[in-house]
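Student: Below is run-v1.txt; it holds compact mmCIF, C-alpha atoms and all ligand atoms.
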```txt
# COMPACT_ATOMS: atom_id res chain seq x y z
CA MET A 1 96.38 107.33 121.83
CA LYS A 2 99.39 107.75 124.10
CA PHE A 3 102.76 107.95 122.31
CA VAL A 4 100.92 108.92 119.13
CA ASP A 5 98.59 111.89 119.58
CA GLU A 6 101.06 114.16 121.37
CA TYR A 7 103.40 113.89 118.36
CA ARG A 8 100.66 115.08 116.01
CA ASP A 9 99.62 118.18 117.98
CA SER A 10 99.62 121.32 115.90
CA GLU A 11 101.28 123.55 118.55
CA PRO A 12 104.61 121.68 118.87
CA VAL A 13 104.60 121.10 115.12
CA ARG A 14 104.30 124.86 114.62
CA LYS A 15 107.13 125.51 117.09
CA ILE A 16 109.57 123.15 115.42
CA THR A 17 108.66 124.40 111.94
CA GLU A 18 109.40 127.98 113.01
CA ALA A 19 112.65 126.96 114.67
CA LEU A 20 113.67 125.14 111.51
CA ALA A 21 112.99 128.18 109.34
CA GLN A 22 115.29 130.19 111.61
CA ILE A 23 118.32 127.95 111.26
CA VAL A 24 118.22 127.28 107.51
CA SER A 25 120.63 129.51 105.61
CA LYS A 26 120.99 127.57 102.35
CA PRO A 27 119.27 124.82 100.35
CA TRP A 28 119.77 121.30 101.66
CA THR A 29 118.66 117.90 100.41
CA LEU A 30 117.83 115.18 102.89
CA MET A 31 116.64 111.63 102.39
CA GLU A 32 114.40 109.57 104.63
CA VAL A 33 115.17 105.87 104.31
CA CYS A 34 112.01 104.34 105.66
CA GLY A 35 108.76 103.80 103.81
CA GLY A 36 106.85 104.46 107.03
CA GLN A 37 108.39 107.93 107.12
CA THR A 38 107.67 108.47 103.41
CA HIS A 39 104.05 107.60 104.14
CA SER A 40 103.84 110.08 107.05
CA ILE A 41 105.58 112.81 105.06
CA ALA A 42 103.01 112.46 102.28
CA LYS A 43 100.05 112.02 104.63
CA TYR A 44 100.79 115.08 106.77
CA GLY A 45 102.07 117.21 103.90
CA ILE A 46 105.38 117.70 105.71
CA GLN A 47 107.24 118.92 102.62
CA SER A 48 104.86 121.90 102.51
CA LEU A 49 105.83 122.86 106.09
CA LEU A 50 109.51 123.10 105.24
CA PRO A 51 111.39 126.27 104.33
CA SER A 52 111.81 126.58 100.57
CA GLY A 53 115.06 125.08 99.35
CA LEU A 54 114.88 122.25 101.86
CA THR A 55 114.13 119.10 99.86
CA LEU A 56 113.20 115.65 101.05
CA LEU A 57 114.06 112.71 98.84
CA HIS A 58 112.44 109.38 99.49
CA GLY A 59 114.83 106.49 99.78
CA PRO A 60 114.61 102.77 99.10
CA GLY A 61 112.88 102.19 102.43
CA CYS A 62 109.90 100.13 101.37
CA PRO A 63 110.79 96.43 101.52
CA VAL A 64 107.87 95.49 99.29
CA CYS A 65 109.17 97.89 96.65
CA VAL A 66 112.75 96.63 96.59
CA THR A 67 111.98 92.90 96.61
CA PRO A 68 113.55 91.78 93.32
CA LEU A 69 111.52 90.55 90.39
CA ASP A 70 113.34 87.25 90.56
CA SER A 71 112.00 86.62 94.09
CA ILE A 72 108.47 87.61 93.05
CA ASP A 73 108.68 85.25 90.06
CA LYS A 74 109.83 82.44 92.35
CA ALA A 75 106.94 83.22 94.69
CA LEU A 76 104.51 83.04 91.75
CA GLN A 77 105.88 79.65 90.68
CA LEU A 78 105.57 78.25 94.20
CA ALA A 79 102.08 79.68 94.72
CA ALA A 80 100.87 78.01 91.52
CA ARG A 81 101.96 74.53 92.62
CA PRO A 82 99.00 72.40 93.69
CA GLU A 83 100.72 71.02 96.81
CA VAL A 84 101.74 74.45 98.12
CA ILE A 85 100.00 76.84 100.49
CA PHE A 86 101.77 80.11 99.84
CA CYS A 87 101.70 82.62 102.71
CA SER A 88 102.72 86.25 102.51
CA PHE A 89 102.33 89.68 104.05
CA GLY A 90 99.30 91.29 102.45
CA ASP A 91 101.04 94.02 100.51
CA MET A 92 103.11 91.55 98.47
CA LEU A 93 100.00 90.17 96.78
CA ARG A 94 99.66 92.91 94.19
CA VAL A 95 103.32 93.47 93.41
CA PRO A 96 103.73 92.77 89.69
CA GLY A 97 106.04 89.91 88.73
CA SER A 98 107.23 89.31 85.16
CA GLU A 99 103.82 88.06 84.07
CA LYS A 100 101.31 88.38 86.89
CA ASP A 101 100.94 88.93 90.62
CA LEU A 102 100.12 86.66 93.56
CA LEU A 103 96.50 87.80 93.59
CA THR A 104 96.10 86.57 90.01
CA VAL A 105 97.62 83.21 90.93
CA LYS A 106 95.10 83.04 93.77
CA ALA A 107 92.24 83.83 91.39
CA GLU A 108 93.50 81.05 89.13
CA GLY A 109 93.15 78.59 92.00
CA GLY A 110 96.45 78.87 93.89
CA ASP A 111 96.19 78.63 97.67
CA VAL A 112 97.62 82.04 98.58
CA ARG A 113 97.09 83.32 102.10
CA MET A 114 97.70 86.68 103.66
CA LEU A 115 99.26 86.52 107.13
CA TYR A 116 99.92 89.20 109.73
CA SER A 117 102.99 87.54 111.23
CA PRO A 118 105.46 84.90 110.02
CA MET A 119 104.62 82.99 113.23
CA ASP A 120 101.14 82.39 111.81
CA ALA A 121 102.76 80.27 109.09
CA LEU A 122 103.75 77.74 111.76
CA GLN A 123 100.09 77.20 112.58
CA VAL A 124 99.17 76.82 108.91
CA ALA A 125 101.90 74.17 108.61
CA ARG A 126 100.69 72.34 111.74
CA ASP A 127 97.11 72.40 110.44
CA HIS A 128 98.06 71.07 106.97
CA PRO A 129 100.67 68.31 107.32
CA GLU A 130 99.70 67.04 103.85
CA LYS A 131 100.68 70.34 102.22
CA GLU A 132 103.92 72.25 101.66
CA VAL A 133 103.60 75.62 103.38
CA VAL A 134 105.89 78.42 102.16
CA PHE A 135 106.19 81.85 103.78
CA PHE A 136 107.48 84.79 101.73
CA ALA A 137 110.00 86.21 104.22
CA ILE A 138 110.74 89.71 102.99
CA GLY A 139 111.63 92.87 104.84
CA PHE A 140 114.32 95.00 106.41
CA GLU A 141 116.04 94.55 109.76
CA THR A 142 112.73 95.38 111.47
CA THR A 143 111.11 92.24 110.10
CA ALA A 144 114.18 89.98 110.15
CA PRO A 145 113.90 89.04 113.85
CA ALA A 146 110.30 87.89 113.31
CA ASN A 147 111.24 85.84 110.25
CA ALA A 148 114.30 84.47 112.06
CA MET A 149 112.16 83.40 115.02
CA ALA A 150 109.68 81.64 112.74
CA ILE A 151 112.50 79.74 110.99
CA HIS A 152 114.13 78.89 114.33
CA GLN A 153 110.83 77.68 115.75
CA ALA A 154 110.06 75.61 112.63
CA LYS A 155 113.35 73.81 113.15
CA GLU A 156 112.72 73.33 116.89
CA GLU A 157 109.34 71.78 116.14
CA GLY A 158 110.63 69.80 113.18
CA LEU A 159 107.95 71.19 110.89
CA ILE A 160 109.27 69.56 107.75
CA ASN A 161 106.41 70.85 105.59
CA LEU A 162 107.29 74.52 106.20
CA SER A 163 109.88 76.61 104.38
CA PHE A 164 110.70 80.25 103.77
CA LEU A 165 111.36 82.12 100.55
CA VAL A 166 113.76 84.68 101.98
CA SER A 167 114.39 88.07 100.41
CA GLN A 168 115.61 90.10 103.39
CA VAL A 169 117.54 93.30 102.85
CA ILE A 170 119.56 95.53 105.16
CA VAL A 171 119.68 99.30 105.10
CA PRO A 172 123.26 100.57 105.65
CA PRO A 173 124.73 99.09 102.42
CA ALA A 174 121.91 100.76 100.44
CA MET A 175 122.73 104.11 102.04
CA THR A 176 126.37 103.61 101.13
CA SER A 177 125.44 102.72 97.57
CA ILE A 178 123.35 105.91 97.24
CA LEU A 179 126.20 108.02 98.61
CA GLU A 180 128.71 106.42 96.25
CA SER A 181 126.59 107.08 93.18
CA PRO A 182 127.82 109.93 90.95
CA ALA A 183 124.19 111.11 90.74
CA ASN A 184 123.89 111.41 94.51
CA ARG A 185 122.19 114.55 95.86
CA VAL A 186 121.72 113.43 99.46
CA GLN A 187 123.44 115.58 102.09
CA GLY A 188 121.88 114.09 105.20
CA PHE A 189 119.82 111.07 106.19
CA LEU A 190 116.87 110.43 108.44
CA ALA A 191 117.59 106.82 109.37
CA ALA A 192 114.71 104.43 109.90
CA GLY A 193 113.67 104.45 113.56
CA HIS A 194 112.49 100.87 113.75
CA VAL A 195 115.46 99.44 111.86
CA CYS A 196 117.66 101.27 114.40
CA THR A 197 115.49 99.93 117.24
CA ILE A 198 116.68 96.46 116.22
CA MET A 199 120.23 97.16 115.05
CA GLY A 200 121.25 100.17 117.15
CA LEU A 201 123.34 103.05 115.83
CA ALA A 202 126.93 101.82 115.67
CA GLU A 203 126.84 100.71 112.03
CA TYR A 204 125.91 104.24 110.89
CA GLU A 205 128.93 105.87 112.47
CA PRO A 206 131.46 104.84 109.79
CA ILE A 207 129.02 106.01 107.06
CA ALA A 208 128.55 109.44 108.65
CA GLU A 209 132.28 109.79 109.02
CA LYS A 210 133.37 108.50 105.61
CA PHE A 211 130.85 110.48 103.56
CA ARG A 212 130.58 113.49 105.91
CA VAL A 213 126.78 113.17 106.15
CA PRO A 214 124.69 113.65 109.28
CA ILE A 215 122.50 110.62 110.05
CA VAL A 216 119.61 111.06 112.47
CA ALA A 217 117.64 108.02 113.63
CA THR A 218 114.09 109.31 113.36
CA GLY A 219 110.57 108.22 114.35
CA PHE A 220 107.39 108.24 112.33
CA GLU A 221 105.01 110.84 113.71
CA PRO A 222 104.97 114.33 112.17
CA LEU A 223 106.77 115.85 115.16
CA ASP A 224 109.43 113.11 115.05
CA ILE A 225 110.11 113.68 111.38
CA LEU A 226 110.27 117.45 111.79
CA GLN A 227 112.66 117.13 114.74
CA GLY A 228 114.76 114.65 112.74
CA ILE A 229 114.93 117.19 109.91
CA TYR A 230 115.77 119.98 112.38
CA LEU A 231 118.64 118.00 113.94
CA CYS A 232 119.96 117.02 110.52
CA VAL A 233 119.84 120.58 109.17
CA LYS A 234 121.41 121.95 112.36
CA GLN A 235 124.35 119.61 111.84
CA LEU A 236 124.69 120.64 108.21
CA GLU A 237 124.56 124.33 109.09
CA GLU A 238 127.21 123.80 111.78
CA GLY A 239 129.39 121.66 109.52
CA ARG A 240 128.98 118.53 111.64
CA ALA A 241 128.37 114.98 110.35
CA GLU A 242 127.36 112.81 113.29
CA VAL A 243 124.95 110.05 114.17
CA GLU A 244 122.15 111.38 116.37
CA ASN A 245 119.12 109.74 117.91
CA GLN A 246 115.84 111.61 117.59
CA TYR A 247 113.76 108.50 118.36
CA SER A 248 115.28 107.79 121.76
CA ARG A 249 112.00 106.58 123.21
CA SER A 250 112.47 103.42 121.14
CA VAL A 251 116.07 103.36 119.86
CA ARG A 252 118.91 102.42 122.24
CA HIS A 253 122.46 102.84 121.03
CA GLU A 254 123.14 99.10 121.16
CA GLY A 255 119.79 98.12 119.62
CA ASN A 256 117.82 95.05 120.64
CA ALA A 257 120.32 92.37 121.69
CA PRO A 258 118.01 89.30 121.85
CA ALA A 259 116.64 90.13 118.40
CA GLN A 260 120.15 90.55 116.94
CA GLU A 261 121.16 87.22 118.42
CA ILE A 262 118.43 85.16 116.77
CA MET A 263 118.91 87.04 113.51
CA SER A 264 122.58 86.18 113.39
CA ASN A 265 121.94 82.55 114.35
CA VAL A 266 119.52 82.05 111.48
CA PHE A 267 120.76 84.47 108.82
CA GLU A 268 124.07 85.40 107.25
CA ILE A 269 124.97 88.45 105.21
CA VAL A 270 124.72 87.88 101.45
CA SER A 271 124.68 90.09 98.37
CA ARG A 272 121.21 90.96 97.16
CA GLU A 273 119.49 92.41 94.20
CA TRP A 274 117.27 95.45 94.95
CA ARG A 275 114.39 95.93 92.56
CA GLY A 276 114.98 98.94 90.37
CA ILE A 277 118.45 99.51 91.80
CA GLY A 278 120.43 96.37 91.05
CA ALA A 279 122.79 94.22 93.06
CA ILE A 280 124.23 95.75 96.22
CA PRO A 281 127.10 93.83 97.82
CA GLN A 282 126.52 92.48 101.34
CA SER A 283 123.05 94.04 101.46
CA GLY A 284 120.86 91.07 102.26
CA LEU A 285 120.27 88.25 104.66
CA GLY A 286 120.23 84.64 103.55
CA VAL A 287 119.41 81.46 105.48
CA ARG A 288 122.42 79.83 107.15
CA GLU A 289 123.42 76.27 106.27
CA ASP A 290 122.12 75.01 109.65
CA TYR A 291 118.62 75.98 108.59
CA ALA A 292 118.93 75.01 104.91
CA ALA A 293 116.05 72.52 105.21
CA PHE A 294 113.76 75.52 105.75
CA ASP A 295 115.05 77.51 102.80
CA ALA A 296 112.47 77.33 99.99
CA GLU A 297 115.10 78.23 97.38
CA LYS A 298 116.98 75.05 98.28
CA LYS A 299 113.92 72.89 98.83
CA PHE A 300 112.22 73.54 95.48
CA SER A 301 113.48 73.81 91.95
CA PHE A 302 112.46 76.74 89.82
CA LYS A 303 112.01 77.32 86.11
CA ALA A 304 114.32 79.99 84.82
CA CYS A 305 112.33 82.94 83.54
CA GLU A 306 113.37 86.03 81.70
CA PRO A 307 112.54 88.92 83.99
CA LYS A 308 111.13 91.81 81.99
CA PRO A 309 110.57 94.90 84.09
CA PRO A 310 108.00 97.30 82.62
CA SER A 311 109.95 99.82 80.62
CA GLU A 312 108.02 102.96 81.53
CA CYS A 313 108.57 102.49 85.24
CA ILE A 314 111.31 104.67 86.71
CA SER A 315 110.92 103.29 90.23
CA GLY A 316 114.65 102.57 90.37
CA LEU A 317 115.34 106.30 90.07
CA VAL A 318 112.58 107.09 92.55
CA LEU A 319 114.04 104.62 95.04
CA GLN A 320 117.45 106.25 94.77
CA GLY A 321 116.04 109.72 95.25
CA ILE A 322 117.05 110.79 91.74
CA LYS A 323 113.46 111.43 90.61
CA LYS A 324 110.23 112.14 92.44
CA PRO A 325 107.20 109.97 91.69
CA ASP A 326 105.26 112.73 89.94
CA GLU A 327 108.14 113.13 87.49
CA CYS A 328 107.31 109.68 86.11
CA PRO A 329 105.29 109.93 82.87
CA ALA A 330 103.14 106.98 83.91
CA PHE A 331 102.32 108.40 87.36
CA GLY A 332 98.56 108.61 87.85
CA ALA A 333 97.97 107.79 84.17
CA ALA A 334 99.13 104.34 83.07
CA CYS A 335 100.15 103.60 86.66
CA THR A 336 97.77 103.82 89.62
CA PRO A 337 97.36 101.79 92.83
CA GLU A 338 94.58 99.86 91.07
CA SER A 339 96.83 98.87 88.17
CA PRO A 340 100.40 99.42 89.33
CA LEU A 341 103.31 99.16 86.88
CA GLY A 342 105.95 99.19 89.58
CA ALA A 343 106.20 98.02 93.15
CA THR A 344 106.51 101.56 94.51
CA MET A 345 102.86 102.08 93.48
CA VAL A 346 101.68 99.00 95.39
CA SER A 347 102.64 99.31 99.01
CA SER A 348 101.26 102.22 101.04
CA GLU A 349 104.89 102.82 102.02
CA GLY A 350 106.02 103.10 98.43
CA ALA A 351 106.74 106.66 97.38
CA CYS A 352 104.54 106.50 94.25
CA ALA A 353 101.53 105.18 96.19
CA ALA A 354 102.05 107.72 98.98
CA TYR A 355 102.17 110.58 96.45
CA TYR A 356 99.15 109.25 94.59
CA ARG A 357 97.09 108.85 97.73
CA TYR A 358 97.90 112.19 99.31
CA GLN A 359 98.78 114.43 96.40
CA LYS A 360 95.62 116.46 96.87
CA THR A 361 96.60 117.39 100.42
CA GLY A 362 99.56 119.38 99.13
CA LEU A 363 102.99 117.89 98.79
CA MET B 1 104.10 96.32 105.96
CA CYS B 2 106.82 98.02 107.94
CA LEU B 3 104.41 100.19 109.85
CA ALA B 4 104.99 99.44 113.51
CA VAL B 5 102.71 100.92 116.13
CA PRO B 6 102.75 101.53 119.90
CA GLY B 7 100.39 99.57 122.12
CA LYS B 8 99.90 98.99 125.84
CA ILE B 9 100.59 95.64 127.51
CA LEU B 10 97.46 94.47 129.32
CA SER B 11 98.63 91.02 130.41
CA ILE B 12 101.55 88.64 129.98
CA SER B 13 101.46 84.88 129.73
CA GLU B 14 104.67 83.03 130.27
CA ASP B 15 105.18 79.55 128.85
CA GLU B 16 108.70 79.16 127.57
CA PRO B 17 111.00 82.19 127.09
CA LEU B 18 110.85 82.26 123.27
CA MET B 19 107.07 82.02 123.35
CA LYS B 20 106.32 84.64 125.98
CA MET B 21 103.15 86.32 124.77
CA GLY B 22 101.36 89.50 125.76
CA ARG B 23 97.92 90.89 125.15
CA VAL B 24 98.37 94.36 123.73
CA SER B 25 95.83 97.12 123.27
CA PHE B 26 96.20 99.48 120.33
CA GLY B 27 93.83 102.24 121.35
CA GLY B 28 91.21 99.63 122.24
CA SER B 29 91.76 96.94 119.63
CA LEU B 30 93.49 93.89 121.07
CA ARG B 31 96.12 91.57 119.72
CA ASP B 32 98.36 88.81 121.09
CA VAL B 33 101.99 89.72 120.62
CA ASN B 34 105.23 87.75 120.96
CA LEU B 35 107.41 89.26 123.72
CA ALA B 36 110.61 87.25 123.16
CA TYR B 37 112.54 90.37 122.16
CA VAL B 38 111.51 92.49 125.16
CA PRO B 39 112.42 90.20 128.07
CA ASP B 40 112.02 92.87 130.76
CA VAL B 41 108.60 94.12 129.71
CA LYS B 42 105.90 94.65 132.38
CA VAL B 43 102.15 95.04 132.36
CA ASN B 44 101.18 98.67 131.54
CA ASP B 45 104.37 99.26 129.54
CA TYR B 46 103.99 100.55 125.99
CA VAL B 47 105.70 98.54 123.27
CA ILE B 48 106.33 99.03 119.55
CA VAL B 49 104.84 96.08 117.70
CA HIS B 50 105.86 94.90 114.24
CA VAL B 51 104.51 91.80 112.45
CA GLY B 52 103.45 90.18 115.73
CA PHE B 53 106.57 90.96 117.76
CA ALA B 54 107.22 93.66 120.34
CA ILE B 55 110.55 95.17 119.27
CA SER B 56 111.03 97.77 122.02
CA VAL B 57 109.59 99.09 125.26
CA LEU B 58 108.94 102.80 124.95
CA ASP B 59 110.88 104.90 127.44
CA GLU B 60 108.58 107.44 129.15
CA ASN B 61 111.47 109.69 130.11
CA GLU B 62 112.91 109.86 126.62
CA ALA B 63 109.43 110.32 125.15
CA GLY B 64 108.98 113.66 126.88
CA LYS B 65 112.37 115.08 125.93
CA ILE B 66 111.23 116.40 122.58
CA PHE B 67 108.86 118.81 124.33
CA ASP B 68 111.62 120.14 126.61
CA TYR B 69 113.82 120.48 123.54
CA LEU B 70 111.13 122.57 121.85
CA ASP B 71 110.91 124.90 124.86
CA GLN B 72 114.68 125.23 124.80
CA ILE B 73 115.04 126.07 121.12
CA GLN B 74 112.22 128.62 121.42
CA GLU B 75 114.12 130.53 124.09
CA ILE B 76 117.25 130.91 121.96
S1 LIG C 1 104.47 105.96 89.00
FE1 LIG C 1 104.33 103.74 88.52
S2 LIG C 1 105.51 103.51 86.64
FE2 LIG C 1 106.12 105.47 87.54
S3 LIG C 1 107.87 105.02 88.87
FE3 LIG C 1 106.07 104.88 90.17
S4 LIG C 1 105.54 102.69 90.10
FE4 LIG C 1 106.90 103.04 88.35
```
Rewrite the structure of this file - the entire thing - as structure tokens.

Tutor:
Amino acid sequence: MKFVDEYRDSEPVRKITEALAQIVSKPWTLMEVCGGQTHSIAKYGIQSLLPSGLTLLHGPGCPVCVTPLDSIDKALQLAARPEVIFCSFGDMLRVPGSEKDLLTVKAEGGDVRMLYSPMDALQVARDHPEKEVVFFAIGFETTAPANAMAIHQAKEEGLINLSFLVSQVIVPPAMTSILESPANRVQGFLAAGHVCTIMGLAEYEPIAEKFRVPIVATGFEPLDILQGIYLCVKQLEEGRAEVENQYSRSVRHEGNAPAQEIMSNVFEIVSREWRGIGAIPQSGLGVREDYAAFDAEKKFSFKACEPKPPSECISGLVLQGIKKPDECPAFGAACTPESPLGATMVSSEGACAAYYRYQKTGL
Amino acid sequence: MCLAVPGKILSISEDEPLMKMGRVSFGGSLRDVNLAYVPDVKVNDYVIVHVGFAISVLDENEAGKIFDYLDQIQEI
């Protein structure tokens, strides 16, 4: 496939790996902030191609993994209501809430549907005027324009039986929070190529400058990731800390203007809780007052529940790059993709699931 | 869920600007995609698609640069 296969070829991969080995003079620790990259790194065994001493940490880049327990519990309550059709991206269905997951609610008779796009929820709402349709709008900046468009369109059409349980998060405040942590080991970032496709690069510049870390917007194919690592290491070796764009075939400096416009019409910046990490100021998107009628948190009332995260799970440390998945005592034993204890074992972009799935191919 | 993949625009249907749709081929499998965020897209362009929306048009020129870069760093 064009724009895919050429970035998986072994010859250029070999070239960049050799070039990388030549410029590395000391150990460095980098973090990729996108679950898609974590998945590729595990799948193609990229860590094993790197010079020794060069470590990749996997950041909080899987939106499924960082969706807070409180949002999952709200989703479970809504999905169990007889008048509700609860719609979600597929990989949210098995994320454990305090007591169960969405798949269990479905098995118990809840009308839970898996959708490919938030726009599909509009059709479900049109088809079922007698029901309350709720879409679980989670994701990073990559998904926010799609969710924003669905909310905007619901309002345009006056679909009063449709609402959105929004748990959107944004990446730069999470990077800042990692860098501010006393336990931080990250010296350079591979920024998420598709998040940057939407938002552009400007918001990373103050982070690179303030914390003296190189930030390279990076794509998802093996060659992209290796070039992103190369550019990041080259900056570190040369004592530079700049924002660079490896993924220039998709990322423009200013980002995607029409997408940003709808996002900012529908959403405003709010503080959000990240699962396993805790509250990060100004790190989420919430529904603006103009669209409040489509905000499920305002439309429905919820029972308070005591969130009890499973104690063995160290996914918070994994998400901050402090521990690797295989350092978790439950990894592969009490916790597997079939019976996950934490969200990072559920989504294929979660670091625990990626390690579990590909560990035999040499990480 | 964040995996976004490149596909080729086969045809474009224009109703209203926010509902501009395209038929996109991902190595042979077809899907209808919302084109609201790529207003200048043309048939035969490659787009990155995420949860039903094209979020960028891939730039052919930029796409080849990595291979020139590799030749360059090999010569040093
Ligand atoms: S292996 Fe399971 S229990 Fe351990 S951190 Fe990952 S998700 Fe949590």

Student: Between chain B and chain A, at 10 Å or less, what are the per-residue closest atom pairs and their distances in Å? Count only C-alpha atoms, order by chain and rising residue number, and return it as a Markdown table.

Tutor:
```
| residue | atom | partner | partner_atom | distance |
| --- | --- | --- | --- | --- |
| B:Met1 | CA | A:Asp91 | CA | 6.7 |
| B:Cys2 | CA | A:Gly36 | CA | 6.5 |
| B:Leu3 | CA | A:Gly36 | CA | 5.7 |
| B:Ala4 | CA | A:His194 | CA | 7.6 |
| B:Val5 | CA | A:Val4 | CA | 8.7 |
| B:Pro6 | CA | A:Phe3 | CA | 6.9 |
| B:Gly7 | CA | A:Lys2 | CA | 8.5 |
| B:Lys8 | CA | A:Lys2 | CA | 8.9 |
| B:Leu18 | CA | A:Met149 | CA | 8.4 |
| B:Met19 | CA | A:Gln153 | CA | 9.5 |
| B:Phe26 | CA | A:Met1 | CA | 8.0 |
| B:Gly27 | CA | A:Met1 | CA | 5.7 |
| B:Gly28 | CA | A:Met1 | CA | 9.3 |
| B:Val33 | CA | A:Ser117 | CA | 9.7 |
| B:Asn34 | CA | A:Met119 | CA | 9.1 |
| B:Ala36 | CA | A:Pro258 | CA | 7.8 |
| B:Tyr37 | CA | A:Ala259 | CA | 5.6 |
| B:Val38 | CA | A:Pro258 | CA | 8.0 |
| B:Pro39 | CA | A:Pro258 | CA | 8.4 |
| B:Tyr46 | CA | A:Phe3 | CA | 8.4 |
| B:Val47 | CA | A:Ser250 | CA | 8.6 |
| B:Ile48 | CA | A:Ser250 | CA | 7.7 |
| B:Val49 | CA | A:His194 | CA | 9.9 |
| B:His50 | CA | A:Thr143 | CA | 7.2 |
| B:Val51 | CA | A:Ser117 | CA | 4.7 |
| B:Gly52 | CA | A:Ser117 | CA | 5.2 |
| B:Phe53 | CA | A:Ala146 | CA | 6.6 |
| B:Ala54 | CA | A:Ala146 | CA | 9.6 |
| B:Ile55 | CA | A:Ile198 | CA | 7.0 |
| B:Ser56 | CA | A:Ser250 | CA | 5.9 |
| B:Val57 | CA | A:Ser250 | CA | 6.6 |
| B:Leu58 | CA | A:Arg249 | CA | 5.2 |
| B:Asp59 | CA | A:Arg249 | CA | 4.7 |
| B:Glu60 | CA | A:Arg249 | CA | 6.9 |
| B:Asn61 | CA | A:Arg249 | CA | 7.6 |
| B:Glu62 | CA | A:Arg249 | CA | 4.8 |
| B:Ala63 | CA | A:Arg249 | CA | 4.9 |
| B:Gly64 | CA | A:Arg249 | CA | 8.5 |
| B:Lys65 | CA | A:Ser248 | CA | 8.9 |
| B:Ile66 | CA | A:Gln227 | CA | 8.0 |
| B:Phe67 | CA | A:Pro12 | CA | 7.5 |
| B:Tyr69 | CA | A:Gln227 | CA | 9.5 |
| B:Leu70 | CA | A:Ile16 | CA | 6.6 |
| B:Asp71 | CA | A:Lys15 | CA | 8.7 |
| B:Ile73 | CA | A:Ala19 | CA | 6.9 |
| B:Gln74 | CA | A:Ala19 | CA | 7.0 |
| B:Ile76 | CA | A:Ala19 | CA | 9.5 |
```

Student: Measuring atom to atom with only C-alpha atoms and all ligand atoms, identify which of A:Ala154, A:Val266, A:Ala217, A:Leu319 is nearest to ligand LIG 1 (chain C).

Tutor: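 Selected residue with least distance to ligand LIG 1 (chain C): A:Leu319.
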
Student: Quick check, in Å to one decimal: how far apart do CA of Gly228 (chain A) and CA of Val216 (chain A) lie?

Tutor: 6.0 Å

Student: Between CA of Val233 (chain A) and CA of Ala42 (chain A), what is the distance, to one decimal in Å?

Tutor: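 If I compute the distance from CA of Val233 (chain A) to CA of Ala42 (chain A), I get 19.9 Å.
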
Student: Return as a PyMOL selection string the residues of protein, DNA or RNA that approach ligand LIG 1 (chain C) to within 10 Å, with all atoms listed in the file taken into account.

Tutor: chain A and resi 65+276+309-319+323-337+339-347+350-353+355-356

Student: Report, in Å with one decimal, the straight-line distance from CA of Ile46 (chain A) to CA of Gly219 (chain A).

Tutor: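 These two atoms are separated by 13.8 Å.
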
Student: Which residue out of A:Ala208, A:Val66, A:Leu93, A:Ala75 has the minimum interatomic distance to Gln235 (chain A) when only C-alpha atoms are used?

Tutor: A:Ala208

Student: Give the answer as one residue: which of A:Arg240, A:Lys26, A:Arg288, A:Lys210 has the shortest atom-to-atom distance to Ser264 (chain A), using all atoms listed in the file?

Tutor: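 Of the candidates, the smallest distance to Ser264 (chain A) is held by A:Arg288.
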
Student: May I have the protein, DNA and RNA residues with an atom at most 9 Å from (123.5, 106.5, 117.5), counting only C-alpha atoms in the file's coordinates, returned as a PDB file with C-alpha atoms, in the coordinates of the input?

Tutor:
```
ATOM      1  CA  CYS A 196     117.660 101.270 114.400  1.00  0.00           C
ATOM      2  CA  GLY A 200     121.250 100.170 117.150  1.00  0.00           C
ATOM      3  CA  LEU A 201     123.340 103.050 115.830  1.00  0.00           C
ATOM      4  CA  ALA A 202     126.930 101.820 115.670  1.00  0.00           C
ATOM      5  CA  GLU A 203     126.840 100.710 112.030  1.00  0.00           C
ATOM      6  CA  TYR A 204     125.910 104.240 110.890  1.00  0.00           C
ATOM      7  CA  GLU A 205     128.930 105.870 112.470  1.00  0.00           C
ATOM      8  CA  ILE A 215     122.500 110.620 110.050  1.00  0.00           C
ATOM      9  CA  VAL A 216     119.610 111.060 112.470  1.00  0.00           C
ATOM     10  CA  ALA A 217     117.640 108.020 113.630  1.00  0.00           C
ATOM     11  CA  GLU A 242     127.360 112.810 113.290  1.00  0.00           C
ATOM     12  CA  VAL A 243     124.950 110.050 114.170  1.00  0.00           C
ATOM     13  CA  GLU A 244     122.150 111.380 116.370  1.00  0.00           C
ATOM     14  CA  ASN A 245     119.120 109.740 117.910  1.00  0.00           C
ATOM     15  CA  VAL A 251     116.070 103.360 119.860  1.00  0.00           C
ATOM     16  CA  ARG A 252     118.910 102.420 122.240  1.00  0.00           C
ATOM     17  CA  HIS A 253     122.460 102.840 121.030  1.00  0.00           C
ATOM     18  CA  GLU A 254     123.140  99.100 121.160  1.00  0.00           C
TER      19      GLU A 254
END
```

Student: If you count all atoms listed in the file, which residues fall within 12 Å of region 125-127 of chain A, apart from same-chain ones fewer than 2 positions away, as a PyMOL selection string?

Tutor: chain A and resi 84-87+118-123+129-135+150+153-154+157-164

Student: Ranking A:Ser283, A:Thr38, A:Ser177, A:Thr104 by minimum distance to Gln77 (chain A) and counting all atoms listed in the file, which one comes first?

Tutor: A:Thr104

Student: Using all atoms listed in the file, which of the listed residues (A:His58, A:Arg272, A:Arg357, A:Lys299) sits closest to Ser71 (chain A)?

Tutor: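 Going through A:His58, A:Arg272, A:Arg357, A:Lys299 one by one, the smallest distance to Ser71 (chain A) is for A:Arg272.
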
Student: Residues around (101.3, 88.4, 129.4), cut-off 10 Å, counting all atoms listed in the file - what are they as a count of residues only?

Tutor: 19
